[in-house]
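Structure data follow from work02.cif (mmCIF, C-alpha atoms):
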```
data_final
#
loop_
_atom_site.group_PDB
_atom_site.id
_atom_site.type_symbol
_atom_site.label_atom_id
_atom_site.label_comp_id
_atom_site.auth_asym_id
_atom_site.auth_seq_id
_atom_site.Cartn_x
_atom_site.Cartn_y
_atom_site.Cartn_z
ATOM 1 C CA MET A 1 190.458 96.440 -29.415
ATOM 2 C CA ALA A 2 189.020 98.374 -26.471
ATOM 3 C CA ARG A 3 190.494 101.712 -25.425
ATOM 4 C CA TYR A 4 191.516 101.651 -21.754
ATOM 5 C CA PHE A 5 191.484 104.669 -19.443
ATOM 6 C CA ASP A 6 192.654 104.788 -15.829
ATOM 7 C CA VAL A 7 190.600 107.533 -14.160
ATOM 8 C CA HIS A 8 190.918 109.018 -10.690
ATOM 9 C CA PRO A 9 188.038 107.721 -8.494
ATOM 10 C CA GLN A 10 187.436 111.076 -6.779
ATOM 11 C CA ASN A 11 188.634 113.575 -9.371
ATOM 12 C CA PRO A 12 188.186 112.006 -12.824
ATOM 13 C CA GLN A 13 190.107 113.711 -15.603
ATOM 14 C CA GLN A 14 187.637 115.838 -17.569
ATOM 15 C CA ARG A 15 189.492 115.265 -20.837
ATOM 16 C CA ILE A 16 188.954 111.515 -20.532
ATOM 17 C CA ILE A 17 185.310 111.834 -19.472
ATOM 18 C CA SER A 18 184.543 114.185 -22.371
ATOM 19 C CA GLY A 19 186.219 111.863 -24.848
ATOM 20 C CA VAL A 20 184.384 108.788 -23.592
ATOM 21 C CA ALA A 21 181.030 110.612 -23.693
ATOM 22 C CA GLN A 22 181.712 111.533 -27.307
ATOM 23 C CA ASN A 23 182.597 107.906 -28.050
ATOM 24 C CA ILE A 24 179.246 106.842 -26.565
ATOM 25 C CA ARG A 25 177.386 109.357 -28.721
ATOM 26 C CA SER A 26 179.169 107.819 -31.716
ATOM 27 C CA GLY A 27 178.010 104.295 -30.853
ATOM 28 C CA ALA A 28 180.638 102.999 -28.419
ATOM 29 C CA LEU A 29 179.880 100.337 -25.826
ATOM 30 C CA VAL A 30 181.650 101.168 -22.567
ATOM 31 C CA ALA A 31 182.465 99.231 -19.404
ATOM 32 C CA TYR A 32 182.404 101.702 -16.503
ATOM 33 C CA PRO A 33 182.386 101.728 -12.678
ATOM 34 C CA THR A 34 179.385 102.439 -10.467
ATOM 35 C CA ASP A 35 178.709 102.389 -6.732
ATOM 36 C CA SER A 36 177.656 98.734 -7.056
ATOM 37 C CA CYS A 37 180.060 96.963 -9.448
ATOM 38 C CA TYR A 38 180.978 97.616 -13.068
ATOM 39 C CA ALA A 39 178.348 98.040 -15.771
ATOM 40 C CA LEU A 40 178.043 97.974 -19.542
ATOM 41 C CA GLY A 41 176.658 101.175 -21.032
ATOM 42 C CA CYS A 42 175.685 102.696 -24.358
ATOM 43 C CA ALA A 43 173.658 105.616 -25.698
ATOM 44 C CA LEU A 44 169.922 105.609 -25.075
ATOM 45 C CA GLY A 45 168.878 105.063 -28.694
ATOM 46 C CA ASP A 46 171.789 102.831 -29.710
ATOM 47 C CA ARG A 47 170.047 99.693 -31.011
ATOM 48 C CA ASP A 48 173.355 98.035 -31.875
ATOM 49 C CA GLY A 49 174.675 98.743 -28.385
ATOM 50 C CA ILE A 50 171.578 97.179 -26.851
ATOM 51 C CA ASN A 51 172.025 94.064 -28.974
ATOM 52 C CA ARG A 52 175.705 93.857 -28.030
ATOM 53 C CA ILE A 53 174.851 94.011 -24.317
ATOM 54 C CA ARG A 54 172.240 91.274 -24.805
ATOM 55 C CA SER A 55 174.819 89.148 -26.604
ATOM 56 C CA ILE A 56 177.592 89.642 -24.014
ATOM 57 C CA ARG A 57 175.268 88.852 -21.125
ATOM 58 C CA ASN A 58 173.063 86.331 -22.939
ATOM 59 C CA LEU A 59 169.877 88.245 -22.048
ATOM 60 C CA ASP A 60 166.354 87.665 -23.322
ATOM 61 C CA ASP A 61 163.778 90.358 -24.119
ATOM 62 C CA ARG A 62 162.315 90.211 -20.602
ATOM 63 C CA HIS A 63 165.467 91.668 -19.068
ATOM 64 C CA HIS A 64 165.023 95.090 -17.515
ATOM 65 C CA PHE A 65 167.670 97.471 -18.786
ATOM 66 C CA THR A 66 168.526 100.376 -16.500
ATOM 67 C CA LEU A 67 168.674 104.058 -17.344
ATOM 68 C CA VAL A 68 171.490 105.495 -15.235
ATOM 69 C CA CYS A 69 170.529 109.113 -14.575
ATOM 70 C CA GLN A 70 172.410 112.130 -13.303
ATOM 71 C CA ASN A 71 169.694 113.401 -10.987
ATOM 72 C CA PHE A 72 166.049 113.135 -10.029
ATOM 73 C CA ALA A 73 164.885 115.716 -12.565
ATOM 74 C CA GLN A 74 166.367 113.657 -15.391
ATOM 75 C CA LEU A 75 164.966 110.420 -13.997
ATOM 76 C CA GLY A 76 161.484 111.935 -13.935
ATOM 77 C CA GLN A 77 161.500 112.440 -17.701
ATOM 78 C CA PHE A 78 161.630 108.703 -18.346
ATOM 79 C CA VAL A 79 159.327 107.105 -15.760
ATOM 80 C CA GLN A 80 155.900 107.766 -14.293
ATOM 81 C CA ILE A 81 156.006 108.486 -10.559
ATOM 82 C CA ASP A 82 153.145 109.238 -8.174
ATOM 83 C CA ASN A 83 153.634 111.280 -5.010
ATOM 84 C CA ASP A 84 154.181 108.390 -2.579
ATOM 85 C CA VAL A 85 156.684 106.679 -4.858
ATOM 86 C CA PHE A 86 158.374 110.038 -5.497
ATOM 87 C CA ARG A 87 159.057 110.504 -1.792
ATOM 88 C CA ALA A 88 160.338 106.947 -1.339
ATOM 89 C CA ILE A 89 162.738 107.125 -4.277
ATOM 90 C CA LYS A 90 163.869 110.674 -3.533
ATOM 91 C CA ALA A 91 164.906 109.628 -0.024
ATOM 92 C CA ALA A 92 166.993 106.729 -1.389
ATOM 93 C CA THR A 93 168.891 108.523 -4.141
ATOM 94 C CA PRO A 94 171.635 108.796 -5.068
ATOM 95 C CA GLY A 95 172.400 105.270 -3.972
ATOM 96 C CA ARG A 96 172.725 101.585 -4.719
ATOM 97 C CA TYR A 97 169.176 101.022 -5.884
ATOM 98 C CA THR A 98 167.435 100.318 -9.172
ATOM 99 C CA PHE A 99 163.741 101.182 -9.372
ATOM 100 C CA ILE A 100 161.347 99.568 -11.840
ATOM 101 C CA LEU A 101 158.610 101.950 -12.942
ATOM 102 C CA PRO A 102 156.215 102.495 -15.875
ATOM 103 C CA ALA A 103 158.120 104.028 -18.774
ATOM 104 C CA THR A 104 157.162 107.302 -20.429
ATOM 105 C CA LYS A 105 157.102 107.773 -24.192
ATOM 106 C CA GLU A 106 160.671 109.081 -23.948
ATOM 107 C CA VAL A 107 161.927 105.519 -23.444
ATOM 108 C CA PRO A 108 162.593 103.615 -26.698
ATOM 109 C CA ARG A 109 160.257 100.643 -27.065
ATOM 110 C CA GLN A 110 163.108 98.116 -27.257
ATOM 111 C CA LEU A 111 164.194 99.111 -23.730
ATOM 112 C CA GLN A 112 160.804 98.511 -22.154
ATOM 113 C CA HIS A 113 159.630 95.220 -20.734
ATOM 114 C CA PRO A 114 157.570 93.780 -23.629
ATOM 115 C CA LYS A 115 154.439 93.192 -21.530
ATOM 116 C CA LYS A 116 154.703 95.511 -18.556
ATOM 117 C CA LYS A 117 156.064 98.568 -20.459
ATOM 118 C CA THR A 118 158.388 99.250 -17.556
ATOM 119 C CA VAL A 119 162.053 100.203 -17.283
ATOM 120 C CA GLY A 120 164.687 100.319 -14.560
ATOM 121 C CA VAL A 121 166.138 103.652 -13.416
ATOM 122 C CA ARG A 122 168.848 104.600 -10.947
ATOM 123 C CA ILE A 123 170.990 107.507 -9.770
ATOM 124 C CA PRO A 124 174.433 106.218 -8.739
ATOM 125 C CA ASP A 125 176.436 107.591 -5.842
ATOM 126 C CA HIS A 126 179.734 107.319 -7.728
ATOM 127 C CA VAL A 127 181.893 110.227 -8.876
ATOM 128 C CA VAL A 128 183.013 108.690 -12.191
ATOM 129 C CA ALA A 129 179.561 107.439 -13.185
ATOM 130 C CA GLN A 130 178.059 110.806 -12.269
ATOM 131 C CA ALA A 131 180.697 112.676 -14.281
ATOM 132 C CA LEU A 132 180.018 110.498 -17.302
ATOM 133 C CA VAL A 133 176.223 110.907 -17.348
ATOM 134 C CA ALA A 134 176.588 114.639 -16.645
ATOM 135 C CA GLU A 135 178.884 115.032 -19.650
ATOM 136 C CA LEU A 136 176.632 112.833 -21.796
ATOM 137 C CA GLY A 137 173.610 115.006 -21.021
ATOM 138 C CA GLU A 138 171.173 112.081 -21.013
ATOM 139 C CA PRO A 139 170.806 108.755 -19.204
ATOM 140 C CA LEU A 140 173.282 105.994 -19.957
ATOM 141 C CA LEU A 141 171.562 102.758 -20.939
ATOM 142 C CA SER A 142 173.166 100.163 -18.684
ATOM 143 C CA SER A 143 173.287 96.596 -17.468
ATOM 144 C CA THR A 144 175.434 95.005 -14.755
ATOM 145 C CA LEU A 145 178.651 93.558 -16.158
ATOM 146 C CA LEU A 146 177.888 90.002 -15.123
ATOM 147 C CA LEU A 147 178.909 87.373 -17.655
ATOM 148 C CA PRO A 148 176.803 84.240 -18.278
ATOM 149 C CA ASP A 149 177.431 81.340 -15.876
ATOM 150 C CA GLU A 150 179.613 83.453 -13.573
ATOM 151 C CA PRO A 151 178.512 83.997 -9.960
ATOM 152 C CA GLU A 152 179.892 87.535 -9.550
ATOM 153 C CA PRO A 153 180.686 90.556 -11.718
ATOM 154 C CA MET A 154 184.310 91.368 -12.533
ATOM 155 C CA THR A 155 185.818 93.985 -10.230
ATOM 156 C CA GLN A 156 189.044 95.012 -11.963
ATOM 157 C CA GLY A 157 189.228 97.246 -15.025
ATOM 158 C CA TRP A 158 192.332 95.505 -16.367
ATOM 159 C CA GLU A 159 190.542 92.146 -16.166
ATOM 160 C CA ILE A 160 187.566 93.571 -18.063
ATOM 161 C CA LYS A 161 189.948 94.916 -20.712
ATOM 162 C CA ASP A 162 191.661 91.547 -20.956
ATOM 163 C CA ARG A 163 188.519 89.439 -21.224
ATOM 164 C CA LEU A 164 186.208 91.738 -23.193
ATOM 165 C CA ASP A 165 188.759 93.457 -25.411
ATOM 166 C CA HIS A 166 187.059 92.222 -28.580
ATOM 167 C CA VAL A 167 183.440 93.028 -27.604
ATOM 168 C CA VAL A 168 183.540 96.435 -25.869
ATOM 169 C CA ASP A 169 184.989 99.697 -27.189
ATOM 170 C CA VAL A 170 186.033 101.506 -23.997
ATOM 171 C CA VAL A 171 186.989 100.460 -20.461
ATOM 172 C CA LEU A 172 186.946 103.108 -17.715
ATOM 173 C CA ASP A 173 188.904 101.908 -14.690
ATOM 174 C CA SER A 174 188.692 103.726 -11.353
ATOM 175 C CA GLY A 175 189.567 100.776 -9.133
ATOM 176 C CA ASP A 176 187.594 98.040 -7.431
ATOM 177 C CA CYS A 177 183.932 98.984 -6.907
ATOM 178 C CA GLY A 178 182.682 95.719 -5.422
ATOM 179 C CA THR A 179 180.736 92.722 -6.669
ATOM 180 C CA GLU A 180 177.301 93.304 -5.157
ATOM 181 C CA PRO A 181 174.718 94.620 -7.645
ATOM 182 C CA THR A 182 172.019 97.139 -6.807
ATOM 183 C CA THR A 183 168.969 96.374 -4.752
ATOM 184 C CA VAL A 184 166.006 96.285 -7.149
ATOM 185 C CA ILE A 185 162.654 97.718 -6.046
ATOM 186 C CA ASP A 186 159.592 97.318 -8.297
ATOM 187 C CA PHE A 187 156.970 100.060 -7.922
ATOM 188 C CA SER A 188 155.158 99.269 -11.164
ATOM 189 C CA GLY A 189 152.450 96.935 -9.885
ATOM 190 C CA GLY A 190 150.709 99.142 -7.341
ATOM 191 C CA GLU A 191 152.378 97.370 -4.412
ATOM 192 C CA MET A 192 156.088 97.794 -3.763
ATOM 193 C CA GLU A 193 158.097 94.604 -4.301
ATOM 194 C CA ILE A 194 161.727 93.934 -3.434
ATOM 195 C CA VAL A 195 162.858 92.011 -6.522
ATOM 196 C CA ARG A 196 166.527 91.662 -5.569
ATOM 197 C CA ARG A 197 168.344 92.317 -2.318
ATOM 198 C CA GLY A 198 171.726 93.791 -3.157
ATOM 199 C CA ALA A 199 174.044 96.608 -2.129
ATOM 200 C CA GLY A 200 171.275 99.020 -1.094
ATOM 201 C CA ASP A 201 169.808 98.650 2.401
ATOM 202 C CA THR A 202 166.229 97.364 2.109
ATOM 203 C CA ALA A 203 165.197 98.446 5.627
ATOM 204 C CA ARG A 204 163.723 101.742 4.387
ATOM 205 C CA PHE A 205 161.382 99.800 2.091
ATOM 206 C CA GLU A 206 160.193 97.195 4.622
#
```

Is it possible to give me this structure as structure tokens?
Amino acid sequence: MARYFDVHPQNPQQRIISGVAQNIRSGALVAYPTDSCYALGCALGDRDGINRIRSIRNLDDRHHFTLVCQNFAQLGQFVQIDNDVFRAIKAATPGRYTFILPATKEVPRQLQHPKKKTVGVRIPDHVVAQALVAELGEPLLSSTLLLPDEPEPMTQGWEIKDRLDHVVDVVLDSGDCGTEPTTVIDFSGGEMEIVRRGAGDTARFE
């Protein structure tokens, strides 16, 4: 049965955030809010957590997981960025974007695209998500909480608790955070490609 926490969207209770971060370090799978819908998250090296996310979302090994980072310095440890890409991403973060980039050796192999050796990274503009990754001290391995055969992600923490009670360990609820996922920009192939148009404005990349 999942533990459920109602957290303040602008001033999340530190006691709760610290406890959830410790749960993640111990192998918990958490459903948590971001600036572009709820997400599933686990610790970076948690192989079981990765497999549980794949199972819940019915994902194959070509799916790009996302490393949700606290800031640009942390993001830079896990992906390779040249100067032009650096400026483009820096100007768009924090925000509702996921960037696909070549992974560094710091990224576990099972998180990388099997052929491209890439990974998704993002820096959310959301107080609760930021508090959680800050307390964790490393990126949170994440995937949008979109269930198979459903057109939109769930938007209510209580609904997530009700439906996923048996498959997640923690639900952090800070209210409705929308149904539109991030805009996905792929910088890994030399030419920038808009892979998915979502919550982030694509005008700056066009």

| task | Taking the file as shown, find all residues satisfying the PyMOL selection byres ((chain A and resi 31-45) around 6) and write them as number ranges by chain. | result | A: 24, 29-30, 46-47, 49, 125-126, 129, 140-145, 171-172, 177-182

Can I get the selected residues back with C-alpha atoms, as a PDB file, in the coordinates of the input?
```
ATOM      1  CA  ILE A  24     179.246 106.842 -26.565  1.00  0.00           C
ATOM      2  CA  LEU A  29     179.880 100.337 -25.826  1.00  0.00           C
ATOM      3  CA  VAL A  30     181.650 101.168 -22.567  1.00  0.00           C
ATOM      4  CA  ASP A  46     171.789 102.831 -29.710  1.00  0.00           C
ATOM      5  CA  ARG A  47     170.047  99.693 -31.011  1.00  0.00           C
ATOM      6  CA  GLY A  49     174.675  98.743 -28.385  1.00  0.00           C
ATOM      7  CA  ASP A 125     176.436 107.591  -5.842  1.00  0.00           C
ATOM      8  CA  HIS A 126     179.734 107.319  -7.728  1.00  0.00           C
ATOM      9  CA  ALA A 129     179.561 107.439 -13.185  1.00  0.00           C
ATOM     10  CA  LEU A 140     173.282 105.994 -19.957  1.00  0.00           C
ATOM     11  CA  LEU A 141     171.562 102.758 -20.939  1.00  0.00           C
ATOM     12  CA  SER A 142     173.166 100.163 -18.684  1.00  0.00           C
ATOM     13  CA  SER A 143     173.287  96.596 -17.468  1.00  0.00           C
ATOM     14  CA  THR A 144     175.434  95.005 -14.755  1.00  0.00           C
ATOM     15  CA  LEU A 145     178.651  93.558 -16.158  1.00  0.00           C
ATOM     16  CA  VAL A 171     186.989 100.460 -20.461  1.00  0.00           C
ATOM     17  CA  LEU A 172     186.946 103.108 -17.715  1.00  0.00           C
ATOM     18  CA  CYS A 177     183.932  98.984  -6.907  1.00  0.00           C
ATOM     19  CA  GLY A 178     182.682  95.719  -5.422  1.00  0.00           C
ATOM     20  CA  THR A 179     180.736  92.722  -6.669  1.00  0.00           C
ATOM     21  CA  GLU A 180     177.301  93.304  -5.157  1.00  0.00           C
ATOM     22  CA  PRO A 181     174.718  94.620  -7.645  1.00  0.00           C
ATOM     23  CA  THR A 182     172.019  97.139  -6.807  1.00  0.00           C
TER      24      THR A 182
END
```

Could you give me, as a Markdown table, a per-residue list for range 21-127 of chain A showing, wherever an atom lies at most 12 Å from an atom of range 200-203 of chain A, the closest pair of atoms and their distance in Å to one decimal, using only C-alpha atoms and sorting by chain then residue number from low to high?
```
| residue | atom | partner | partner_atom | distance |
| --- | --- | --- | --- | --- |
| A:Asp35 | CA | A:Gly200 | CA | 9.9 |
| A:Ser36 | CA | A:Gly200 | CA | 8.7 |
| A:Ala88 | CA | A:Thr202 | CA | 11.8 |
| A:Ala92 | CA | A:Gly200 | CA | 8.8 |
| A:Thr93 | CA | A:Gly200 | CA | 10.3 |
| A:Pro94 | CA | A:Gly200 | CA | 10.6 |
| A:Gly95 | CA | A:Gly200 | CA | 7.0 |
| A:Arg96 | CA | A:Gly200 | CA | 4.7 |
| A:Tyr97 | CA | A:Gly200 | CA | 5.6 |
| A:Thr98 | CA | A:Gly200 | CA | 9.0 |
| A:Phe99 | CA | A:Gly200 | CA | 11.4 |
| A:Arg122 | CA | A:Gly200 | CA | 11.6 |
| A:Pro124 | CA | A:Gly200 | CA | 11.0 |
| A:Asp125 | CA | A:Gly200 | CA | 11.1 |
```

| said: I need the output of the PyMOL selection byres ((chain A and resi 57) around 12) for this file as an MDAnalysis selection string; which residues are they? | reply: chainID A and resid 39:40 50:56 58:61 63 65 142:150 153 164 167

| query | Using all atoms listed in the file, which of A:Gln14, A:Arg25, A:Asp6, A:Leu67 sits nearest Leu136 in chain A? | reply |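 Comparing A:Gln14, A:Arg25, A:Asp6, A:Leu67 against Leu136 in chain A, the winner is A:Arg25.
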
| field | CA of Gln10 in chain A to CA of Val127 in chain A, straight-line distance in Å | value | 6.0 Å

| message | I'd like the interatomic distance between CA of Val7 in chain A and CA of Ser174 in chain A, to a tenth of an Å. | response | 5.1 Å

| Residues in the PyMOL selection byres ((chain A and resi 108) around 10), expressed as a list in words |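 Selected by the PyMOL selection byres ((chain A and resi 108) around 10) here: Leu44, Gly45, Asp46, Arg47, Phe78, Ala103, Thr104, Lys105, Glu106, Val107, Arg109, Gln110, Leu111 and Gln112 of chain A.
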
| said: Just the number, please: distance in Å from CA of Pro12 in chain A to CA of Gln70 in chain A, one decimal. | reply: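 If I compute the distance from CA of Pro12 in chain A to CA of Gln70 in chain A, I get 15.8 Å.
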
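Among the candidates A:Val128, A:Val168, A:Met192, A:Ala73, the one nearest to Asp48 in chain A when counting only C-alpha atoms is A:Val168.
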
What box, with edges along x, y and z, holds each listed atom of range 175-186 of chain A when 3 Å is added on every side, and can you state its centre and edge lengths in Å to one decimal, as JSON?
```
{"center_x": 174.6, "center_y": 96.7, "center_z": -6.9, "size_x": 36.0, "size_y": 14.1, "size_z": 10.4}
```

| said: From the options A:Glu206, A:Asp82, A:Glu159, A:Glu138, which residue's atoms come nearest to Ile185 in chain A, counting all atoms listed in the file? | reply: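 The answer is A:Glu206, which sits nearest to Ile185 in chain A.
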
| A:Met1, A:Ile100, A:Cys69, A:Val195: which is nearest Asp162 in chain A, counting only C-alpha atoms? | A:Met1

| request: Name the closest residue to Phe205 in chain A among the candidates A:Glu152, A:Glu191, A:Glu135, A:Asp173; distances are taken between atoms, counting all atoms listed in the file. | output: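 Using all atoms listed in the file, Phe205 in chain A sits closest to A:Glu191.
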